[in-house]
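Asker: Here you go, one structure.
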Amino acid sequence: MKQSAFYVLLLAILCIACSKQGSAVTAPPTAPPPVMDTVLYKSLPFKMGASINVNLLKNNTAYSAVVTKEFNSVTPENAMKMGALQPQQNVFNWADADYLVNFAATNGKRVHGHTLNWYNSLPAWVNTFSGDSAAWEQLLKTHIQTVVTHFKGKVSSWDVVNEAFNDDGSIRNSIWVQHLGTDYIARCFQYARQADSAVLLFYNDYGQEYSAAKRNAIYAMVSSFKTRGIPVDGVGLQFHLTYTQTDANIAAAIASAVQTGLKVHIAELDIRLNSDKTKSVLTPELAAQQAARYKTVVKAFASIPAQQQYGITTWNVSDADSWIPAWQGAPDWPLPFDANYKRKPAYGAIIEGSK
Ligand code: G3I
């Protein structure tokens, strides 16, 4: 071998050795993402859902591809709220909600309806409604029964009442309580059941991980419903979490819901990283810490009795779609897909946690 050829060969060997050593040093702190043919919902023993922005489902092909491939349950993020469905009294607009329901039927996805009653996202006419309590009762009943009837056989379950409690466990002084008293909550469940004898009825709320008072109040209400014969089938834990939330709080919230004996839905999961508003980029370290928290949630959920596992739903699909940055007033990366719909470490952690 000529001397120059020898040096070229030596250099090549050294380069290969260096690159191997380099990749070992820079290996990511978590397991590599799963191979590309993984399908999230097929890797899990329970339903995996996302809340859906219907505009994105219609107009963003990356979004609709991920929803179609990775999830087998969908919740409308906004399209079934009262403000969207009944913009004027007795004038119903089904277009976006029907689009989602048809998408779900075509693609074999379960639909979880959200939400028949909430204090927020009401149409303007409700906020200015001036009827007596009988007129308010009629308004409530008409909305619930018209919506449940419209989607009968197409929607598997409903968040019947959303966020009726304050963090201290007292009942929120909403427009509904002001006009109808606190027992309107029970009547919402009765009205829904009258309209559809088969659909599953959920109570849904946030903060059950950080407020024992709130989860105790929810548990007490559900227990009293059972005693009184008020229909209720499940409890939704929203789980809009921060990545510093403790394992103990997450476990306590799930345990409290399990104690009801009803189905448990982790209904709006996202895990934010920037509530202190100090971060401007998602580092690999933060992504790994977030993944660990997703794993904690899934592990706790996977350990409850199978018949109570209604599923886990993330609140939208990718970091580009999340409600968190606008609400928080700072960037964030709360979901298992990044803004380009690529899988983050959280994706693999969800699968790991279920094992
Ligand atoms: O569609 C209109 C658009 O036409 C208008 O130009 C624009 C101007 O503000 O508003 C748009 O509507 C917004 C809508 O999201 C759709 O993007 C509303 O203002 C905005 O209030 C609404 O926010 C939603 C919020 O609920 C209130 O309904 C969020 O997307 C949605 O993620 C959030 O979801 C809630 C759950 O329902 C209950 N649990 C908490 C969760 C997060 O807040």
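So you can find residues: chains in the structure tokens are A, B, ... in the order shown, residues in each start at 1, and ligands are numbered from 1 in order.
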Which residues in region 255-344 of chain A does DSSP call alpha helix (DSSP H)? List them as a PyMOL selection string.
Answerer: chain A and resi 255-259+284-302+324-328
Asker: Using only C-alpha atoms and all ligand atoms, which protein or nucleic acid residues are at most 6 Å from ligand 1, as a VMD selection string?
Answerer: chain A and resid 77 to 78 121 323
Asker: Pull N, CA and C atoms from the residues just selected and write them as an mmCIF file, in the first residue's frame.
Answerer:
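What landed in out.cif:
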data_model
loop_
_atom_site.group_PDB
_atom_site.id
_atom_site.type_symbol
_atom_site.label_atom_id
_atom_site.label_comp_id
_atom_site.auth_asym_id
_atom_site.auth_seq_id
_atom_site.Cartn_x
_atom_site.Cartn_y
_atom_site.Cartn_z
ATOM 1 N N GLU A 77 -63.159 20.065 20.596
ATOM 2 C CA GLU A 77 -62.592 21.050 21.532
ATOM 3 C C GLU A 77 -63.602 22.157 21.814
ATOM 4 N N ASN A 78 -64.322 22.597 20.790
ATOM 5 C CA ASN A 78 -65.271 23.705 20.954
ATOM 6 C C ASN A 78 -66.618 23.497 20.262
ATOM 7 N N SER A 121 -68.411 29.938 27.539
ATOM 8 C CA SER A 121 -68.726 29.741 26.112
ATOM 9 C C SER A 121 -70.225 29.624 25.870
ATOM 10 N N TRP A 323 -54.295 25.252 23.494
ATOM 11 C CA TRP A 323 -54.863 26.486 24.050
ATOM 12 C C TRP A 323 -53.913 27.151 25.043
#
Asker: Which neighbours of region 211-226 of chain A fall inside 9 Å, counting only C-alpha atoms, when residues of the same chain fewer than 5 positions from it are skipped, and could you give them as a ChimeraX atom specification?
Answerer: /A:165-171,186,203,205-206,231-232,235,249,252-253,256-257,259-260
Asker: Near Pro334 (chain A), within 10 Å and counting only C-alpha atoms, which residues show up once chain neighbours fewer than 6 positions away are dropped, as a VMD selection string?
Answerer: chain A and resid 240 to 243 269 to 274 287 290 314 to 325 346
Asker: If you run DSSP over the backbone, which residues in region 83-233 of chain A end up strand (DSSP E)? Put them as a ChimeraX atom specification.
Answerer: /A:110-117,157-162,200-205
Asker: Quick one: residues within 12 Å of Asp132 (chain A), only C-alpha atoms, excluding same-chain residues fewer than 3 positions away - as an mmCIF file with C-alpha atoms, in the first residue's frame?
Answerer:
data_model
loop_
_atom_site.group_PDB
_atom_site.id
_atom_site.type_symbol
_atom_site.label_atom_id
_atom_site.label_comp_id
_atom_site.auth_asym_id
_atom_site.auth_seq_id
_atom_site.Cartn_x
_atom_site.Cartn_y
_atom_site.Cartn_z
ATOM 1 C CA PHE A 129 -81.831 36.084 29.001
ATOM 2 C CA ALA A 135 -88.170 29.806 31.490
ATOM 3 C CA TRP A 136 -84.547 29.152 32.496
ATOM 4 C CA GLU A 137 -85.415 25.544 33.282
ATOM 5 C CA GLN A 138 -87.041 25.162 29.877
ATOM 6 C CA LEU A 139 -84.029 26.731 28.182
ATOM 7 C CA GLN A 178 -78.177 31.956 40.110
ATOM 8 C CA HIS A 179 -81.354 31.164 38.190
ATOM 9 C CA LEU A 180 -81.967 27.505 39.025
#
Asker: Considering only C-alpha atoms, can you say which of A:Pro336, A:Pro87, A:Gly108, A:Pro45 comes closest to Tyr310 (chain A)?
Answerer: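 Smallest distance to Tyr310 (chain A) is found for A:Pro45.
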